[in-house]
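Notes to accompany the following structure.
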Amino acid sequence: MAPLPDFEALRKTDWTPFDAPSLVGKSLRFVSGDPQGKRFRLRYFRDGKNDLVALAWFGEETEGPPGHAHGGSMAAVLDEVLGLAAWAAGHPIVVGNLNIHFRKLLPLESVAQVDTEVVSVKGRKVLVRGRLTDGKEGLYAEADCLCIRIL
Ligand SMILES: CCCCCCCCCCCC(=O)SCCNC(=O)CCNC(=O)[C@H](O)C(C)(C)COP(=O)(O)OP(=O)(O)OC[C@H]1O[C@@H](n2cnc3c(N)ncnc32)[C@H](O)[C@@H]1OP(=O)(O)O
């Protein structure tokens, strides 16, 4: 088995830890619920602009194409992180539409970074944009997430 992710080494100096369960409860079990999971391991932060950012480790059980993450696993991560970004910005929502462009194969057992930005709020509709990268120039996927306020 490959080395486990060293999230602290990847964390940028201006990021502060973000406690998702304290905001939305403990229901987010599918993606981020198991810190020692064999599929996903996630850590949430706020970046220097106060936007939500996540470090997401894709374990070997997320495999789709040989040696690489299944598109559905990337979609699951983007669904949770971008939805949570809306909550973190003060909008209680569920995701209505998630549109993803897969740009590059994501190697298993690696940690990817998800950057988020709330780009518009129109009535109940909150549009969140996200990028799943290697933390540098490598872009694995980018997504627009239309969130709908439920409260
Ligand atoms: C709870 C704790 C969580 C705590 C967890 C928090 C972390 C979140 C992370 C997890 C994210 C998820 O996976 S959430 C789970 C996946 N999502 C779901 O299962 C959602 C299922 N869908 C629904 O429940 C519903 O369709 C809603 C709530 C999205 C919308 O229904 P509604 O409330 O009746 O609202 P409705 O009148 O239809 O729409 C309101 C406005 O939004 C637009 N709109 C609605 N849906 C869409 C759509 N898919 N695509 C485009 N536009 C849409 C409409 O055109 C309208 O625009 P206008 O006419 O006003 O212009």
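Chains: A, B, ... in order of the structure tokens. Residues: from 1 per chain. Ligands: from 1, in order shown.
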
Neighbours of ligand 1 at 6 Å or closer, counting only C-alpha atoms and all ligand atoms: which residues, as a VMD selection string? chain A and resid 24 79 to 80 83 to 84 94 to 97 125 148 150

Write a file of the selected residues as a short mmCIF file (atom, residue, chain, number, x, y, z; two decimals), in the first residue's frame, keeping all heavy atoms.
data_model
loop_
_atom_site.label_atom_id
_atom_site.label_comp_id
_atom_site.auth_asym_id
_atom_site.auth_seq_id
_atom_site.Cartn_x
_atom_site.Cartn_y
_atom_site.Cartn_z
N VAL A 24 -22.98 21.52 9.27
CA VAL A 24 -24.08 20.83 8.59
C VAL A 24 -24.50 19.53 9.28
O VAL A 24 -25.36 18.81 8.77
CB VAL A 24 -23.72 20.53 7.11
CG1 VAL A 24 -23.47 21.82 6.37
CG2 VAL A 24 -22.54 19.58 7.00
N ASP A 79 -19.34 17.18 -5.75
CA ASP A 79 -20.71 17.39 -5.25
C ASP A 79 -20.66 17.85 -3.79
O ASP A 79 -21.26 18.86 -3.41
CB ASP A 79 -21.48 16.09 -5.39
CG ASP A 79 -22.90 16.17 -4.88
OD1 ASP A 79 -23.60 17.15 -5.19
OD2 ASP A 79 -23.33 15.24 -4.16
N GLU A 80 -19.93 17.10 -2.98
CA GLU A 80 -19.87 17.45 -1.55
C GLU A 80 -19.13 18.76 -1.32
O GLU A 80 -19.62 19.64 -0.58
CB GLU A 80 -19.21 16.34 -0.74
CG GLU A 80 -19.09 16.76 0.73
CD GLU A 80 -18.59 15.66 1.65
OE1 GLU A 80 -19.11 14.54 1.56
OE2 GLU A 80 -17.70 15.96 2.48
N GLY A 83 -21.09 21.83 -2.77
CA GLY A 83 -22.29 22.07 -1.97
C GLY A 83 -21.94 22.64 -0.61
O GLY A 83 -22.56 23.60 -0.13
N LEU A 84 -20.91 22.08 -0.02
CA LEU A 84 -20.48 22.56 1.29
C LEU A 84 -19.95 23.99 1.20
O LEU A 84 -20.11 24.78 2.14
CB LEU A 84 -19.42 21.63 1.86
CG LEU A 84 -19.02 21.86 3.31
CD1 LEU A 84 -20.19 21.68 4.26
CD2 LEU A 84 -17.88 20.93 3.69
N VAL A 94 -29.33 22.37 -1.24
CA VAL A 94 -28.94 21.07 -1.80
C VAL A 94 -28.47 21.34 -3.23
O VAL A 94 -28.76 22.40 -3.80
CB VAL A 94 -30.09 20.04 -1.81
CG1 VAL A 94 -30.41 19.58 -0.40
CG2 VAL A 94 -31.30 20.54 -2.54
N VAL A 95 -27.77 20.39 -3.80
CA VAL A 95 -27.27 20.55 -5.16
C VAL A 95 -28.37 20.18 -6.15
O VAL A 95 -28.95 19.09 -6.09
CB VAL A 95 -26.02 19.67 -5.38
CG1 VAL A 95 -25.62 19.66 -6.85
CG2 VAL A 95 -24.88 20.16 -4.52
N GLY A 96 -28.66 21.11 -7.07
CA GLY A 96 -29.67 20.85 -8.11
C GLY A 96 -29.05 20.36 -9.39
O GLY A 96 -29.62 19.51 -10.08
N ASN A 97 -27.90 20.90 -9.73
CA ASN A 97 -27.25 20.53 -10.99
C ASN A 97 -25.74 20.63 -10.82
O ASN A 97 -25.24 21.62 -10.27
CB ASN A 97 -27.72 21.47 -12.11
CG ASN A 97 -27.04 21.15 -13.44
OD1 ASN A 97 -25.97 21.66 -13.73
ND2 ASN A 97 -27.65 20.31 -14.23
N LYS A 125 -31.00 30.53 -6.04
CA LYS A 125 -29.97 29.83 -6.81
C LYS A 125 -28.58 30.38 -6.50
O LYS A 125 -28.32 31.57 -6.66
CB LYS A 125 -30.26 29.94 -8.31
CG LYS A 125 -31.53 29.19 -8.70
CD LYS A 125 -31.78 29.20 -10.18
CE LYS A 125 -32.42 30.48 -10.63
NZ LYS A 125 -33.01 30.38 -11.99
N ILE A 148 -29.49 25.02 -4.70
CA ILE A 148 -30.81 25.63 -4.48
C ILE A 148 -31.05 25.72 -2.98
O ILE A 148 -30.98 24.70 -2.26
CB ILE A 148 -31.93 24.77 -5.12
CG1 ILE A 148 -31.60 24.42 -6.59
CG2 ILE A 148 -33.27 25.49 -5.00
CD1 ILE A 148 -31.52 25.57 -7.54
N ILE A 150 -32.74 25.70 0.47
CA ILE A 150 -33.85 24.93 1.00
C ILE A 150 -34.42 25.55 2.27
O ILE A 150 -35.45 25.09 2.78
CB ILE A 150 -33.43 23.47 1.29
CG1 ILE A 150 -32.18 23.43 2.16
CG2 ILE A 150 -33.25 22.70 -0.01
CD1 ILE A 150 -31.81 22.03 2.65
#

Contact check, stretch 72-136 of chain A to stretch 143-147 of chain A, at most 9 Å, counting only C-alpha atoms, closest pairs as a tab-separated table:
residue	atom	partner	partner_atom	distance
A:Ala75	CA	A:Ala143	CA	8.9
A:Leu78	CA	A:Ala143	CA	7.5
A:Asp79	CA	A:Cys145	CA	7.6
A:Leu82	CA	A:Cys145	CA	6.6
A:Gly83	CA	A:Cys147	CA	6.7
A:Ala86	CA	A:Cys147	CA	7.4
A:His91	CA	A:Cys147	CA	8.8
A:Pro92	CA	A:Cys147	CA	9.0
A:Ile93	CA	A:Cys147	CA	5.8
A:Val94	CA	A:Cys147	CA	5.7
A:Val95	CA	A:Cys147	CA	4.4
A:Gly96	CA	A:Cys147	CA	5.4
A:Asn97	CA	A:Leu146	CA	5.0
A:Leu98	CA	A:Cys145	CA	4.5
A:Asn99	CA	A:Asp144	CA	5.3
A:Ile100	CA	A:Ala143	CA	4.3
A:His101	CA	A:Ala143	CA	6.2
A:Phe102	CA	A:Ala143	CA	8.7
A:Arg124	CA	A:Cys147	CA	8.0
A:Lys125	CA	A:Cys147	CA	5.8
A:Val126	CA	A:Cys147	CA	5.0
A:Leu127	CA	A:Leu146	CA	4.7
A:Val128	CA	A:Cys145	CA	5.1
A:Arg129	CA	A:Asp144	CA	4.6
A:Gly130	CA	A:Ala143	CA	5.2
A:Arg131	CA	A:Ala143	CA	6.5
A:Leu132	CA	A:Ala143	CA	8.4

Residues just named, written with N, CA, C and O atoms as a short mmCIF file (atom, residue, chain, number, x, y, z; two decimals), in the first residue's frame:
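Output file again.cif follows:
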data_model
loop_
_atom_site.label_atom_id
_atom_site.label_comp_id
_atom_site.auth_asym_id
_atom_site.auth_seq_id
_atom_site.Cartn_x
_atom_site.Cartn_y
_atom_site.Cartn_z
N ALA A 75 -16.78 13.08 -9.20
CA ALA A 75 -18.08 13.77 -9.12
C ALA A 75 -18.59 13.81 -7.69
O ALA A 75 -19.12 14.83 -7.23
N LEU A 78 -16.64 16.45 -5.85
CA LEU A 78 -17.04 17.80 -6.26
C LEU A 78 -18.43 18.14 -5.74
O LEU A 78 -18.70 19.27 -5.32
N ASP A 79 -19.34 17.18 -5.75
CA ASP A 79 -20.71 17.39 -5.25
C ASP A 79 -20.66 17.85 -3.79
O ASP A 79 -21.26 18.86 -3.41
N LEU A 82 -18.40 21.33 -3.33
CA LEU A 82 -19.02 22.56 -3.86
C LEU A 82 -20.33 22.87 -3.14
O LEU A 82 -20.65 24.03 -2.87
N GLY A 83 -21.09 21.83 -2.77
CA GLY A 83 -22.29 22.07 -1.97
C GLY A 83 -21.94 22.64 -0.61
O GLY A 83 -22.56 23.60 -0.13
N ALA A 86 -21.15 26.33 -0.59
CA ALA A 86 -22.31 27.23 -0.50
C ALA A 86 -22.76 27.37 0.96
O ALA A 86 -23.03 28.48 1.43
N HIS A 91 -25.29 29.80 2.79
CA HIS A 91 -26.48 29.43 2.03
C HIS A 91 -26.85 27.96 2.30
O HIS A 91 -26.15 27.05 1.84
N PRO A 92 -27.94 27.71 3.03
CA PRO A 92 -28.37 26.32 3.24
C PRO A 92 -29.02 25.77 1.96
O PRO A 92 -30.08 26.22 1.55
N ILE A 93 -28.38 24.81 1.35
CA ILE A 93 -28.75 24.36 -0.01
C ILE A 93 -28.74 22.85 -0.14
O ILE A 93 -28.20 22.13 0.71
N VAL A 94 -29.33 22.37 -1.24
CA VAL A 94 -28.94 21.07 -1.80
C VAL A 94 -28.47 21.34 -3.23
O VAL A 94 -28.76 22.40 -3.80
N VAL A 95 -27.77 20.39 -3.80
CA VAL A 95 -27.27 20.55 -5.16
C VAL A 95 -28.37 20.18 -6.15
O VAL A 95 -28.95 19.09 -6.09
N GLY A 96 -28.66 21.11 -7.07
CA GLY A 96 -29.67 20.85 -8.11
C GLY A 96 -29.05 20.36 -9.39
O GLY A 96 -29.62 19.51 -10.08
N ASN A 97 -27.90 20.90 -9.73
CA ASN A 97 -27.25 20.53 -10.99
C ASN A 97 -25.74 20.63 -10.82
O ASN A 97 -25.24 21.62 -10.27
N LEU A 98 -25.05 19.61 -11.32
CA LEU A 98 -23.59 19.60 -11.23
C LEU A 98 -23.04 19.25 -12.60
O LEU A 98 -23.29 18.16 -13.12
N ASN A 99 -22.34 20.20 -13.20
CA ASN A 99 -21.83 20.03 -14.56
C ASN A 99 -20.31 19.97 -14.52
O ASN A 99 -19.65 20.93 -14.13
N ILE A 100 -19.78 18.81 -14.91
CA ILE A 100 -18.34 18.55 -14.74
C ILE A 100 -17.65 18.36 -16.09
O ILE A 100 -18.16 17.62 -16.95
N HIS A 101 -16.51 18.97 -16.24
CA HIS A 101 -15.61 18.65 -17.35
C HIS A 101 -14.43 17.88 -16.76
O HIS A 101 -13.70 18.41 -15.92
N PHE A 102 -14.24 16.65 -17.22
CA PHE A 102 -13.07 15.87 -16.80
C PHE A 102 -11.93 16.19 -17.77
O PHE A 102 -12.07 15.98 -18.98
N ARG A 124 -33.05 31.95 -4.96
CA ARG A 124 -32.66 30.73 -4.26
C ARG A 124 -31.46 30.03 -4.91
O ARG A 124 -30.97 29.03 -4.40
N LYS A 125 -31.00 30.53 -6.04
CA LYS A 125 -29.97 29.83 -6.81
C LYS A 125 -28.58 30.38 -6.50
O LYS A 125 -28.32 31.57 -6.66
N VAL A 126 -27.74 29.47 -6.07
CA VAL A 126 -26.36 29.83 -5.71
C VAL A 126 -25.43 29.04 -6.63
O VAL A 126 -25.45 27.80 -6.63
N LEU A 127 -24.64 29.75 -7.42
CA LEU A 127 -23.73 29.07 -8.35
C LEU A 127 -22.33 29.04 -7.75
O LEU A 127 -21.76 30.08 -7.41
N VAL A 128 -21.82 27.82 -7.63
CA VAL A 128 -20.47 27.61 -7.09
C VAL A 128 -19.61 26.98 -8.18
O VAL A 128 -20.03 26.03 -8.84
N ARG A 129 -18.43 27.52 -8.34
CA ARG A 129 -17.50 26.98 -9.34
C ARG A 129 -16.35 26.29 -8.61
O ARG A 129 -15.91 26.75 -7.54
N GLY A 130 -15.87 25.20 -9.17
CA GLY A 130 -14.79 24.47 -8.50
C GLY A 130 -13.79 23.91 -9.47
O GLY A 130 -14.10 23.63 -10.63
N ARG A 131 -12.58 23.74 -8.98
CA ARG A 131 -11.49 23.16 -9.76
C ARG A 131 -10.81 22.07 -8.93
O ARG A 131 -10.44 22.31 -7.77
N LEU A 132 -10.66 20.91 -9.53
CA LEU A 132 -9.96 19.79 -8.90
C LEU A 132 -8.60 19.69 -9.56
O LEU A 132 -8.51 19.40 -10.77
#

Check which residues of stretch 33-100 of chain A sit at most 9 Å from stretch 17-20 of chain A using only C-alpha atoms, and return one row each with the closest pair of atoms and their distance in Å to one decimal, ordered by chain and rising number, as a Markdown table.
| residue | atom | partner | partner_atom | distance |
| --- | --- | --- | --- | --- |
| A:Arg43 | CA | A:Pro17 | CA | 7.8 |
| A:Tyr44 | CA | A:Phe18 | CA | 5.2 |
| A:Phe45 | CA | A:Pro17 | CA | 4.3 |
| A:Arg46 | CA | A:Phe18 | CA | 6.2 |
| A:Leu52 | CA | A:Phe18 | CA | 8.0 |
| A:Val53 | CA | A:Phe18 | CA | 8.9 |
| A:Leu84 | CA | A:Ala20 | CA | 7.8 |
| A:Ala88 | CA | A:Ala20 | CA | 8.4 |

For those residues, write N, CA and C atoms to a file as a PDB file, in the first residue's frame.
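Dumped everything to out-v8.pdb:
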ATOM      1  N   ARG A  43      -9.875  16.644   3.944  1.00  0.00           N
ATOM      2  CA  ARG A  43      -9.683  17.664   4.967  1.00  0.00           C
ATOM      3  C   ARG A  43     -10.168  18.989   4.392  1.00  0.00           C
ATOM      4  N   TYR A  44     -10.924  19.711   5.196  1.00  0.00           N
ATOM      5  CA  TYR A  44     -11.469  20.996   4.747  1.00  0.00           C
ATOM      6  C   TYR A  44     -10.751  22.154   5.423  1.00  0.00           C
ATOM      7  N   PHE A  45     -10.635  23.249   4.645  1.00  0.00           N
ATOM      8  CA  PHE A  45     -10.010  24.480   5.152  1.00  0.00           C
ATOM      9  C   PHE A  45     -10.755  25.670   4.540  1.00  0.00           C
ATOM     10  N   ARG A  46     -10.529  26.848   5.139  1.00  0.00           N
ATOM     11  CA  ARG A  46     -10.831  28.101   4.449  1.00  0.00           C
ATOM     12  C   ARG A  46      -9.506  28.671   3.974  1.00  0.00           C
ATOM     13  N   LEU A  52     -13.980  28.059   0.717  1.00  0.00           N
ATOM     14  CA  LEU A  52     -13.717  26.686   1.158  1.00  0.00           C
ATOM     15  C   LEU A  52     -12.737  26.015   0.202  1.00  0.00           C
ATOM     16  N   VAL A  53     -11.788  25.294   0.767  1.00  0.00           N
ATOM     17  CA  VAL A  53     -10.857  24.506  -0.036  1.00  0.00           C
ATOM     18  C   VAL A  53     -10.742  23.136   0.616  1.00  0.00           C
ATOM     19  N   LEU A  84     -20.906  22.078  -0.020  1.00  0.00           N
ATOM     20  CA  LEU A  84     -20.481  22.565   1.290  1.00  0.00           C
ATOM     21  C   LEU A  84     -19.947  23.993   1.203  1.00  0.00           C
ATOM     22  N   ALA A  88     -20.900  27.002   3.572  1.00  0.00           N
ATOM     23  CA  ALA A  88     -19.866  27.761   4.284  1.00  0.00           C
ATOM     24  C   ALA A  88     -19.972  29.253   4.001  1.00  0.00           C
TER      25      ALA A  88
END

Can you tell me, as a PyMOL selection string, which residues in chain A count as strand (DSSP E or B) by DSSP? chain A and resi 16-17+40-46+52-58+63+68-69+93-102+107+110-122+125-133+139-149

Between atom CA of A:Val111 and atom CA of A:Gly90, what is the distance, to one decimal in Å? 27.4 Å

Could you work out how far atom CA of A:Val77 lies from atom CA of A:Glu60, giving the answer in Å with one decimal? 15.1 Å

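The closest residue to A:Ser32, picked from A:Val81, A:Leu139, A:Val121, A:Leu4 and counting only C-alpha atoms, is A:Val81.
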
Check the DSSP output for the backbone and give back, as a count of residues only, the residues of stretch 24-121 of chain A in helix (DSSP H, G or I). 22

Contacts of stretch 54-119 of chain A with stretch 35-39 of chain A up to 7 Å, shortest pair per row, only C-alpha atoms, as CSV:
residue,atom,partner,partner_atom,distance
A:Phe58,CA,A:Arg39,CA,6.0
A:Gly59,CA,A:Arg39,CA,4.5
A:Glu60,CA,A:Arg39,CA,6.6
A:Glu61,CA,A:Arg39,CA,5.1
A:Thr62,CA,A:Arg39,CA,5.5

Residues just named, written with N, CA, C and O atoms as an mmCIF file, in the first residue's frame:
data_model
loop_
_atom_site.group_PDB
_atom_site.id
_atom_site.type_symbol
_atom_site.label_atom_id
_atom_site.label_comp_id
_atom_site.auth_asym_id
_atom_site.auth_seq_id
_atom_site.Cartn_x
_atom_site.Cartn_y
_atom_site.Cartn_z
ATOM 1 N N PHE A 58 -7.593 10.230 -3.003
ATOM 2 C CA PHE A 58 -8.335 9.196 -3.732
ATOM 3 C C PHE A 58 -7.602 7.872 -3.566
ATOM 4 O O PHE A 58 -6.527 7.667 -4.132
ATOM 5 N N GLY A 59 -8.189 6.988 -2.774
ATOM 6 C CA GLY A 59 -7.578 5.692 -2.507
ATOM 7 C C GLY A 59 -7.757 4.726 -3.668
ATOM 8 O O GLY A 59 -8.469 4.998 -4.639
ATOM 9 N N GLU A 60 -7.123 3.565 -3.522
ATOM 10 C CA GLU A 60 -7.138 2.598 -4.631
ATOM 11 C C GLU A 60 -8.544 2.089 -4.939
ATOM 12 O O GLU A 60 -8.831 1.661 -6.054
ATOM 13 N N GLU A 61 -9.449 2.176 -3.951
ATOM 14 C CA GLU A 61 -10.819 1.695 -4.197
ATOM 15 C C GLU A 61 -11.690 2.707 -4.936
ATOM 16 O O GLU A 61 -12.871 2.463 -5.164
ATOM 17 N N THR A 62 -11.118 3.837 -5.334
ATOM 18 C CA THR A 62 -11.850 4.748 -6.225
ATOM 19 C C THR A 62 -11.537 4.437 -7.690
ATOM 20 O O THR A 62 -11.941 5.185 -8.586
#

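Atom CA of A:Gly123 sits 29.2 Å away from atom CA of A:Arg29.
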
The residue from A:Phe40, A:Pro107, A:Gly72, A:Val118 with the smallest atom-to-atom distance to A:Leu55, counting only C-alpha atoms, is A:Phe40

Can you list, as a short mmCIF file (atom, residue, chain, number, x, y, z; two decimals) with all heavy atoms, in the first residue's frame, every protein, DNA or RNA residue that comes within 12 Å of A:Lys49 when you count only C-alpha atoms, leaving out same-chain residues fewer than 6 positions away?
data_model
loop_
_atom_site.label_atom_id
_atom_site.label_comp_id
_atom_site.auth_asym_id
_atom_site.auth_seq_id
_atom_site.Cartn_x
_atom_site.Cartn_y
_atom_site.Cartn_z
N ASP A 14 -1.77 29.98 4.71
CA ASP A 14 -2.90 30.88 5.02
C ASP A 14 -4.24 30.13 5.08
O ASP A 14 -5.30 30.76 5.06
CB ASP A 14 -2.97 32.05 4.04
CG ASP A 14 -3.25 31.61 2.61
OD1 ASP A 14 -3.11 30.41 2.30
OD2 ASP A 14 -3.62 32.48 1.79
N TRP A 15 -4.21 28.81 5.13
CA TRP A 15 -5.44 28.04 5.27
C TRP A 15 -5.72 27.76 6.75
O TRP A 15 -4.80 27.43 7.50
CB TRP A 15 -5.34 26.70 4.57
CG TRP A 15 -5.23 26.73 3.08
CD1 TRP A 15 -5.20 27.85 2.27
CD2 TRP A 15 -5.10 25.61 2.20
NE1 TRP A 15 -5.07 27.48 0.95
CE2 TRP A 15 -5.01 26.12 0.88
CE3 TRP A 15 -5.05 24.24 2.40
CZ2 TRP A 15 -4.88 25.28 -0.22
CZ3 TRP A 15 -4.92 23.40 1.31
CH2 TRP A 15 -4.84 23.92 0.01
N THR A 16 -7.00 27.83 7.10
CA THR A 16 -7.39 27.47 8.47
C THR A 16 -8.36 26.30 8.41
O THR A 16 -9.23 26.24 7.53
CB THR A 16 -8.07 28.66 9.18
OG1 THR A 16 -9.16 29.13 8.38
CG2 THR A 16 -7.08 29.79 9.40
N ALA A 89 -20.60 29.59 2.86
CA ALA A 89 -20.81 31.00 2.53
C ALA A 89 -22.15 31.51 3.07
O ALA A 89 -22.54 32.63 2.75
CB ALA A 89 -20.74 31.19 1.01
N ASP A 115 -10.48 23.75 -5.15
CA ASP A 115 -10.71 25.16 -4.86
C ASP A 115 -12.13 25.52 -5.25
O ASP A 115 -12.64 25.04 -6.27
CB ASP A 115 -9.71 26.02 -5.64
CG ASP A 115 -8.30 25.83 -5.14
OD1 ASP A 115 -8.00 26.29 -4.03
OD2 ASP A 115 -7.50 25.21 -5.86
N THR A 116 -12.75 26.38 -4.46
CA THR A 116 -14.15 26.73 -4.71
C THR A 116 -14.32 28.25 -4.71
O THR A 116 -13.54 28.98 -4.10
CB THR A 116 -15.08 26.17 -3.62
OG1 THR A 116 -14.91 26.92 -2.40
CG2 THR A 116 -14.81 24.70 -3.35
N GLU A 117 -15.39 28.65 -5.41
CA GLU A 117 -15.73 30.08 -5.41
C GLU A 117 -17.24 30.21 -5.64
O GLU A 117 -17.78 29.63 -6.59
CB GLU A 117 -14.97 30.79 -6.53
CG GLU A 117 -15.25 32.28 -6.59
CD GLU A 117 -14.63 32.95 -7.82
OE1 GLU A 117 -14.09 32.23 -8.68
OE2 GLU A 117 -14.71 34.17 -7.91
N VAL A 118 -17.90 30.95 -4.79
CA VAL A 118 -19.32 31.27 -5.02
C VAL A 118 -19.34 32.42 -6.02
O VAL A 118 -18.87 33.52 -5.72
CB VAL A 118 -20.02 31.67 -3.71
CG1 VAL A 118 -21.46 32.11 -4.00
CG2 VAL A 118 -20.02 30.50 -2.72
#

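Residues in contact with A:Gly138 at 10 Å, where only C-alpha atoms are counted and same-chain residues fewer than 5 positions away are skipped, are listed as Arg103, Lys104, Leu105, Leu106, Ala112, Leu132 and Thr133 of chain A.
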
I need the chosen residues saved as a PDB file, in the first residue's frame, with C-alpha atoms.
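File written: part33.pdb
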ATOM      1  CA  ARG A 103      -9.751  17.207 -18.102  1.00  0.00           C
ATOM      2  CA  LYS A 104      -7.022  14.776 -17.036  1.00  0.00           C
ATOM      3  CA  LEU A 105      -6.755  11.330 -15.431  1.00  0.00           C
ATOM      4  CA  LEU A 106      -6.267  11.491 -11.672  1.00  0.00           C
ATOM      5  CA  ALA A 112      -5.908  16.461  -5.064  1.00  0.00           C
ATOM      6  CA  LEU A 132      -9.964  19.791  -8.896  1.00  0.00           C
ATOM      7  CA  THR A 133      -6.202  20.040  -9.373  1.00  0.00           C
TER       8      THR A 133
END
